[in-house]
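Engineer: Provided herewith is a single structure, encoded as structure tokens, for subsequent inquiry.
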Amino acid sequence: NIDPVWTTAGITIEHGYMIYDKLFEFDRAGEARPQMAEGDTISDDGLVHTITLRDGLKFTNGAPVTAADVVASLKRWAARDSQGQKLMTFVDAMSVVNEKTFTIKLKEKTGLVLSSLAKPSSNGAFMMPKRIAETDPNKQIEEFVGSGPFVFKRDEWQPGSKIVYTKFADYKPRSEPPSGTTGGKVVKVDRVEYLPIR
């Protein structure tokens, strides 16, 4: 099982970080920082988060990452993840504003928004294309089009024996140095092979 929203298995989360990216991540100090997001603007009453994506983000099939992809990904993630489920009790609506911007409108103020989107373990809030993210949360996805630094080589996958990733040439890392799980994820190898040892 290699659907990082469907399971909390550690190796699947590792797989998720290889091929997907997230809107926010935690730095070494435990602060949620933008990753795929350019930033987050909060309304004066604290009830509306407006999140804009960075320029140049692409999926591994070459399509641009859009706000519609993000909203669909967050809905699927929140249906499975316990912290996502809790966050959704505060959410009134998530709405696409334009290709790069969406809003999260809250029923009441909470500090869970960025901390939930940045959480590094269990089910990560990984970004997938809308058509894949619309898969029933109780069913595993069957297509692995990522938003992260590597491409999953499904044709070379041997479950329990070998899993292969290659560098995603069009991945756009952040310019900041890495800190925790945020910052510039600069790929310096062309190929990675995981070889499980029983």
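Residue names in the structure tokens use chain letters A, B, ... in the order shown, residue numbers from 1 in each chain, and ligand numbers from 1 in the order shown.
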Which residues are near Thr110 in chain A? Cut-off 12 Å, only C-alpha atoms, ignore same chain within fewer than 4 positions. Put them as number ranges by chain.
Structural biologist: A: 42, 45-49, 86-91, 104-106, 114-116
Engineer: For the alpha helix (DSSP H) assignment from backbone DSSP, which residues of range 49-193 of chain A qualify? Please present them as an mmCIF file with N, CA, C and O atoms, in the first residue's frame.
Structural biologist:
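File produced: part_6.cif:
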```cif
data_model
loop_
_atom_site.group_PDB
_atom_site.id
_atom_site.type_symbol
_atom_site.label_atom_id
_atom_site.label_comp_id
_atom_site.auth_asym_id
_atom_site.auth_seq_id
_atom_site.Cartn_x
_atom_site.Cartn_y
_atom_site.Cartn_z
ATOM 1 N N ALA A 67 -5.029 25.751 -7.391
ATOM 2 C CA ALA A 67 -5.783 25.816 -6.137
ATOM 3 C C ALA A 67 -6.862 24.745 -6.084
ATOM 4 O O ALA A 67 -7.167 24.214 -5.015
ATOM 5 N N ALA A 68 -7.440 24.394 -7.232
ATOM 6 C CA ALA A 68 -8.454 23.331 -7.261
ATOM 7 C C ALA A 68 -7.848 21.985 -6.868
ATOM 8 O O ALA A 68 -8.480 21.183 -6.162
ATOM 9 N N ASP A 69 -6.614 21.715 -7.294
ATOM 10 C CA ASP A 69 -5.906 20.487 -6.888
ATOM 11 C C ASP A 69 -5.706 20.487 -5.373
ATOM 12 O O ASP A 69 -5.885 19.458 -4.711
ATOM 13 N N VAL A 70 -5.313 21.644 -4.844
ATOM 14 C CA VAL A 70 -5.034 21.769 -3.410
ATOM 15 C C VAL A 70 -6.292 21.516 -2.580
ATOM 16 O O VAL A 70 -6.268 20.733 -1.621
ATOM 17 N N VAL A 71 -7.392 22.149 -2.938
ATOM 18 C CA VAL A 71 -8.627 21.982 -2.171
ATOM 19 C C VAL A 71 -9.077 20.520 -2.194
ATOM 20 O O VAL A 71 -9.443 19.962 -1.154
ATOM 21 N N ALA A 72 -9.025 19.877 -3.356
ATOM 22 C CA ALA A 72 -9.409 18.465 -3.446
ATOM 23 C C ALA A 72 -8.476 17.590 -2.607
ATOM 24 O O ALA A 72 -8.925 16.667 -1.914
ATOM 25 N N SER A 73 -7.181 17.880 -2.633
ATOM 26 C CA SER A 73 -6.206 17.115 -1.848
ATOM 27 C C SER A 73 -6.463 17.258 -0.351
ATOM 28 O O SER A 73 -6.397 16.287 0.404
ATOM 29 N N LEU A 74 -6.753 18.486 0.080
ATOM 30 C CA LEU A 74 -7.003 18.724 1.502
ATOM 31 C C LEU A 74 -8.280 18.032 1.972
ATOM 32 O O LEU A 74 -8.336 17.499 3.083
ATOM 33 N N LYS A 75 -9.291 18.013 1.132
ATOM 34 C CA LYS A 75 -10.543 17.345 1.514
ATOM 35 C C LYS A 75 -10.331 15.845 1.688
ATOM 36 O O LYS A 75 -10.831 15.240 2.642
ATOM 37 N N ARG A 76 -9.587 15.230 0.774
ATOM 38 C CA ARG A 76 -9.341 13.783 0.895
ATOM 39 C C ARG A 76 -8.491 13.476 2.124
ATOM 40 O O ARG A 76 -8.772 12.559 2.884
ATOM 41 N N TRP A 77 -7.429 14.281 2.323
ATOM 42 C CA TRP A 77 -6.555 14.099 3.490
ATOM 43 C C TRP A 77 -7.345 14.237 4.788
ATOM 44 O O TRP A 77 -7.219 13.411 5.701
ATOM 45 N N ALA A 78 -8.185 15.262 4.871
ATOM 46 C CA ALA A 78 -8.925 15.534 6.107
ATOM 47 C C ALA A 78 -9.954 14.460 6.418
ATOM 48 O O ALA A 78 -10.329 14.273 7.582
ATOM 49 N N ALA A 79 -10.394 13.740 5.415
ATOM 50 C CA ALA A 79 -11.352 12.660 5.652
ATOM 51 C C ALA A 79 -10.693 11.459 6.330
ATOM 52 O O ALA A 79 -11.374 10.671 7.003
ATOM 53 N N ARG A 80 -9.355 11.323 6.218
ATOM 54 C CA ARG A 80 -8.642 10.168 6.766
ATOM 55 C C ARG A 80 -7.831 10.482 8.022
ATOM 56 O O ARG A 80 -7.694 9.646 8.909
ATOM 57 N N SER A 82 -6.657 12.080 11.544
ATOM 58 C CA SER A 82 -7.379 12.489 12.757
ATOM 59 C C SER A 82 -7.257 13.991 13.021
ATOM 60 O O SER A 82 -8.228 14.640 13.413
ATOM 61 N N GLN A 83 -6.075 14.564 12.790
ATOM 62 C CA GLN A 83 -5.930 16.005 13.007
ATOM 63 C C GLN A 83 -6.676 16.786 11.922
ATOM 64 O O GLN A 83 -7.264 17.835 12.191
ATOM 65 N N GLY A 84 -6.673 16.257 10.707
ATOM 66 C CA GLY A 84 -7.449 16.877 9.637
ATOM 67 C C GLY A 84 -8.931 16.855 9.944
ATOM 68 O O GLY A 84 -9.649 17.833 9.686
ATOM 69 N N GLN A 85 -9.407 15.755 10.510
ATOM 70 C CA GLN A 85 -10.815 15.654 10.892
ATOM 71 C C GLN A 85 -11.156 16.702 11.951
ATOM 72 O O GLN A 85 -12.206 17.352 11.883
ATOM 73 N N LYS A 86 -10.257 16.865 12.927
ATOM 74 C CA LYS A 86 -10.479 17.879 13.963
ATOM 75 C C LYS A 86 -10.485 19.283 13.360
ATOM 76 O O LYS A 86 -11.348 20.110 13.683
ATOM 77 N N LEU A 87 -9.525 19.548 12.470
ATOM 78 C CA LEU A 87 -9.474 20.852 11.821
ATOM 79 C C LEU A 87 -10.790 21.150 11.101
ATOM 80 O O LEU A 87 -11.317 22.266 11.178
ATOM 81 N N MET A 88 -11.330 20.158 10.427
ATOM 82 C CA MET A 88 -12.549 20.368 9.643
ATOM 83 C C MET A 88 -13.768 20.703 10.509
ATOM 84 O O MET A 88 -14.740 21.264 10.001
ATOM 85 N N LEU A 112 -5.186 25.576 14.659
ATOM 86 C CA LEU A 112 -4.937 24.277 14.026
ATOM 87 C C LEU A 112 -4.630 24.347 12.533
ATOM 88 O O LEU A 112 -4.155 23.369 11.975
ATOM 89 N N VAL A 113 -4.902 25.473 11.885
ATOM 90 C CA VAL A 113 -4.813 25.491 10.418
ATOM 91 C C VAL A 113 -3.404 25.153 9.933
ATOM 92 O O VAL A 113 -3.183 24.119 9.293
ATOM 93 N N LEU A 114 -2.443 26.001 10.218
ATOM 94 C CA LEU A 114 -1.098 25.773 9.687
ATOM 95 C C LEU A 114 -0.422 24.570 10.329
ATOM 96 O O LEU A 114 0.300 23.822 9.655
ATOM 97 N N SER A 115 -0.645 24.348 11.623
ATOM 98 C CA SER A 115 -0.011 23.197 12.281
ATOM 99 C C SER A 115 -0.531 21.887 11.703
ATOM 100 O O SER A 115 0.212 20.907 11.598
ATOM 101 N N SER A 116 -1.784 21.846 11.305
ATOM 102 C CA SER A 116 -2.342 20.634 10.705
ATOM 103 C C SER A 116 -1.793 20.414 9.303
ATOM 104 O O SER A 116 -1.423 19.294 8.932
ATOM 105 N N LEU A 117 -1.737 21.485 8.519
ATOM 106 C CA LEU A 117 -1.243 21.358 7.148
ATOM 107 C C LEU A 117 0.241 21.013 7.106
ATOM 108 O O LEU A 117 0.720 20.402 6.143
ATOM 109 N N ALA A 118 0.979 21.378 8.160
ATOM 110 C CA ALA A 118 2.430 21.151 8.196
ATOM 111 C C ALA A 118 2.832 19.852 8.883
ATOM 112 O O ALA A 118 3.986 19.451 8.801
ATOM 113 N N LYS A 130 -6.267 17.030 -8.844
ATOM 114 C CA LYS A 130 -7.666 16.995 -8.421
ATOM 115 C C LYS A 130 -8.344 15.667 -8.778
ATOM 116 O O LYS A 130 -9.040 15.082 -7.955
ATOM 117 N N ARG A 131 -8.145 15.178 -9.993
ATOM 118 C CA ARG A 131 -8.851 13.965 -10.417
ATOM 119 C C ARG A 131 -8.424 12.754 -9.588
ATOM 120 O O ARG A 131 -9.221 11.839 -9.376
ATOM 121 N N ILE A 132 -7.190 12.745 -9.084
ATOM 122 C CA ILE A 132 -6.735 11.653 -8.219
ATOM 123 C C ILE A 132 -7.204 11.893 -6.791
ATOM 124 O O ILE A 132 -7.662 10.976 -6.104
ATOM 125 N N ALA A 133 -7.119 13.146 -6.346
ATOM 126 C CA ALA A 133 -7.534 13.482 -4.980
ATOM 127 C C ALA A 133 -9.028 13.273 -4.767
ATOM 128 O O ALA A 133 -9.476 13.136 -3.622
#
```
Engineer: Show me, as number ranges by chain, the residues that have an atom within 10 Å of range 142-149 of chain A when counting only C-alpha atoms, minus same-chain residues fewer than 4 positions from it.
Structural biologist: A: 1-3, 16-22, 36, 57-65, 126-129, 132, 135, 153-154, 165-173, 185-187
Engineer: Nearest to Pro178 in chain A: which of A:Gln140, A:Asp55, A:Glu25, A:Val97 is it, counting only C-alpha atoms?
Structural biologist: A:Glu25
Engineer: Which residues are near Leu195 in chain A? Cut-off 8 Å, only C-alpha atoms, ignore same chain within fewer than 5 positions. Put them as a PyMOL selection string.
Structural biologist: chain A and resi 161-163
Engineer: Would you mind reading off the distance between CA of Glu176 in chain A and CA of Glu31 in chain A, one decimal, in Å?
Structural biologist: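 Here the two named atoms are 14.7 Å from each other.
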Engineer: Which residue out of A:Ser95, A:Thr182, A:Ser121, A:Ser175 has the minimum interatomic distance to Thr50 in chain A when only C-alpha atoms are used?
Structural biologist: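 Nearest candidate to Thr50 in chain A out of A:Ser95, A:Thr182, A:Ser121, A:Ser175: A:Ser95.
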Engineer: One decimal, in Å: what's the spacing between CA of Ser179 in chain A and CA of Phe152 in chain A?
Structural biologist: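 Pair CA of Ser179 in chain A / CA of Phe152 in chain A returns 24.5 Å.
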Engineer: Pick out each residue of range 4-197 of chain A that DSSP on the backbone tags as strand (DSSP E or B); I need them as a VMD selection string.
Structural biologist: chain A and resid 22 24 to 26 32 to 34 37 to 42 48 to 53 58 64 91 to 98 101 to 106 126 150 to 152 158 162 to 167 179 182 191 to 194
Engineer: Just to be explicit: take each residue in the selection above, keep N, CA and C atoms, and write the result as a compact mmCIF listing (two decimals), in the first residue's frame.
Structural biologist:
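out07.txt, written as the output of this step:
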```txt
# COMPACT_ATOMS: atom_id res chain seq x y z
N LYS A 22 4.00 19.50 0.19
CA LYS A 22 2.90 20.00 1.02
C LYS A 22 2.89 21.52 1.01
N PHE A 24 2.67 23.57 3.65
CA PHE A 24 3.49 24.08 4.75
C PHE A 24 4.25 22.91 5.37
N GLU A 25 5.38 23.23 5.98
CA GLU A 25 6.19 22.25 6.70
C GLU A 25 6.72 22.91 7.97
N PHE A 26 7.16 22.07 8.91
CA PHE A 26 7.75 22.59 10.14
C PHE A 26 9.26 22.78 9.99
N ALA A 32 5.52 26.44 11.64
CA ALA A 32 5.00 26.09 10.31
C ALA A 32 5.43 27.16 9.32
N ARG A 33 6.10 26.74 8.25
CA ARG A 33 6.60 27.65 7.23
C ARG A 33 6.03 27.27 5.87
N PRO A 34 5.89 28.26 4.96
CA PRO A 34 5.40 27.93 3.62
C PRO A 34 6.35 26.99 2.89
N ALA A 37 3.25 26.77 -0.63
CA ALA A 37 2.57 28.07 -0.50
C ALA A 37 3.57 29.21 -0.60
N GLU A 38 3.12 30.31 -1.19
CA GLU A 38 3.89 31.54 -1.15
C GLU A 38 3.72 32.19 0.21
N GLY A 39 2.52 32.05 0.75
CA GLY A 39 2.24 32.59 2.07
C GLY A 39 0.79 32.42 2.46
N ASP A 40 0.47 32.88 3.66
CA ASP A 40 -0.87 32.77 4.22
C ASP A 40 -1.25 34.12 4.82
N THR A 41 -2.35 34.68 4.35
CA THR A 41 -2.85 35.94 4.88
C THR A 41 -4.10 35.65 5.70
N ILE A 42 -4.14 36.17 6.92
CA ILE A 42 -5.29 35.93 7.80
C ILE A 42 -6.09 37.22 7.94
N VAL A 48 -10.59 33.92 8.18
CA VAL A 48 -10.34 33.56 6.79
C VAL A 48 -8.84 33.52 6.52
N HIS A 49 -8.35 32.34 6.14
CA HIS A 49 -6.98 32.19 5.69
C HIS A 49 -6.99 32.21 4.16
N THR A 50 -6.20 33.09 3.57
CA THR A 50 -6.05 33.15 2.11
C THR A 50 -4.64 32.66 1.78
N ILE A 51 -4.57 31.55 1.08
CA ILE A 51 -3.29 30.91 0.79
C ILE A 51 -3.04 30.94 -0.71
N THR A 52 -1.86 31.43 -1.08
CA THR A 52 -1.46 31.53 -2.48
C THR A 52 -0.29 30.60 -2.75
N LEU A 53 -0.32 29.92 -3.89
CA LEU A 53 0.74 29.01 -4.27
C LEU A 53 1.92 29.75 -4.89
N LYS A 58 4.69 22.36 -10.50
CA LYS A 58 4.17 21.40 -11.47
C LYS A 58 4.02 20.02 -10.85
N PRO A 64 0.34 22.13 -14.31
CA PRO A 64 0.56 23.04 -13.19
C PRO A 64 -0.25 22.63 -11.96
N VAL A 91 -13.86 24.33 10.17
CA VAL A 91 -13.91 24.89 8.82
C VAL A 91 -15.34 25.01 8.32
N ASP A 92 -15.67 26.22 7.87
CA ASP A 92 -16.98 26.46 7.26
C ASP A 92 -16.93 26.13 5.78
N ALA A 93 -15.84 26.53 5.09
CA ALA A 93 -15.72 26.28 3.65
C ALA A 93 -14.28 26.45 3.20
N MET A 94 -13.91 25.70 2.16
CA MET A 94 -12.66 25.91 1.44
C MET A 94 -13.06 26.25 0.01
N SER A 95 -12.59 27.39 -0.48
CA SER A 95 -13.05 27.88 -1.78
C SER A 95 -11.87 28.30 -2.66
N VAL A 96 -11.96 27.95 -3.94
CA VAL A 96 -10.97 28.38 -4.93
C VAL A 96 -11.26 29.82 -5.30
N VAL A 97 -10.24 30.68 -5.24
CA VAL A 97 -10.37 32.08 -5.64
C VAL A 97 -9.95 32.25 -7.10
N ASN A 98 -8.79 31.70 -7.42
CA ASN A 98 -8.28 31.69 -8.79
C ASN A 98 -7.32 30.52 -8.93
N THR A 101 -4.84 30.65 -5.87
CA THR A 101 -5.26 31.11 -4.54
C THR A 101 -6.54 30.42 -4.10
N PHE A 102 -6.59 30.06 -2.81
CA PHE A 102 -7.82 29.53 -2.23
C PHE A 102 -7.96 30.06 -0.81
N THR A 103 -9.16 29.91 -0.27
CA THR A 103 -9.42 30.38 1.09
C THR A 103 -9.92 29.23 1.96
N ILE A 104 -9.59 29.32 3.24
CA ILE A 104 -10.17 28.45 4.25
C ILE A 104 -10.93 29.37 5.20
N LYS A 105 -12.25 29.26 5.18
CA LYS A 105 -13.11 30.08 6.03
C LYS A 105 -13.48 29.28 7.26
N LEU A 106 -13.22 29.84 8.43
CA LEU A 106 -13.47 29.15 9.70
C LEU A 106 -14.78 29.58 10.34
N PHE A 126 -0.48 15.86 1.59
CA PHE A 126 0.26 15.88 0.33
C PHE A 126 -0.63 16.34 -0.82
N PHE A 150 10.75 13.87 -6.50
CA PHE A 150 11.06 12.64 -7.22
C PHE A 150 9.83 12.10 -7.95
N VAL A 151 10.11 11.27 -8.95
CA VAL A 151 9.07 10.57 -9.72
C VAL A 151 9.10 9.10 -9.31
N PHE A 152 7.95 8.55 -8.97
CA PHE A 152 7.83 7.13 -8.63
C PHE A 152 7.83 6.31 -9.92
N GLN A 158 8.82 -3.47 -7.31
CA GLN A 158 8.66 -4.88 -6.95
C GLN A 158 8.27 -4.90 -5.48
N LYS A 162 11.79 -3.96 -4.07
CA LYS A 162 12.47 -2.76 -4.58
C LYS A 162 11.44 -1.70 -4.95
N ILE A 163 11.77 -0.45 -4.61
CA ILE A 163 10.99 0.70 -5.05
C ILE A 163 11.97 1.75 -5.56
N VAL A 164 11.66 2.32 -6.73
CA VAL A 164 12.59 3.18 -7.43
C VAL A 164 12.00 4.56 -7.66
N TYR A 165 12.84 5.58 -7.49
CA TYR A 165 12.47 6.96 -7.74
C TYR A 165 13.54 7.61 -8.61
N THR A 166 13.13 8.51 -9.49
CA THR A 166 14.09 9.29 -10.27
C THR A 166 13.84 10.78 -10.03
N LYS A 167 14.86 11.56 -10.25
CA LYS A 167 14.77 13.01 -10.04
C LYS A 167 13.71 13.62 -10.94
N SER A 179 15.45 23.37 6.61
CA SER A 179 15.33 23.48 8.06
C SER A 179 14.16 22.60 8.47
N THR A 182 11.18 21.77 6.02
CA THR A 182 10.88 22.86 5.09
C THR A 182 12.16 23.36 4.44
N ARG A 191 18.77 9.08 -9.20
CA ARG A 191 17.97 7.88 -8.95
C ARG A 191 18.15 7.41 -7.52
N VAL A 192 17.06 6.96 -6.91
CA VAL A 192 17.08 6.39 -5.56
C VAL A 192 16.38 5.04 -5.61
N GLU A 193 16.98 4.03 -5.00
CA GLU A 193 16.36 2.73 -4.89
C GLU A 193 16.23 2.36 -3.43
N TYR A 194 15.02 2.01 -3.00
CA TYR A 194 14.80 1.44 -1.67
C TYR A 194 14.80 -0.07 -1.84
```
Engineer: Hey, can you check how far CA of Asp81 in chain A sits from CA of Gly124 in chain A?
Structural biologist: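 Computing the Euclidean distance for CA of Asp81 in chain A and CA of Gly124 in chain A yields 8.0 Å.
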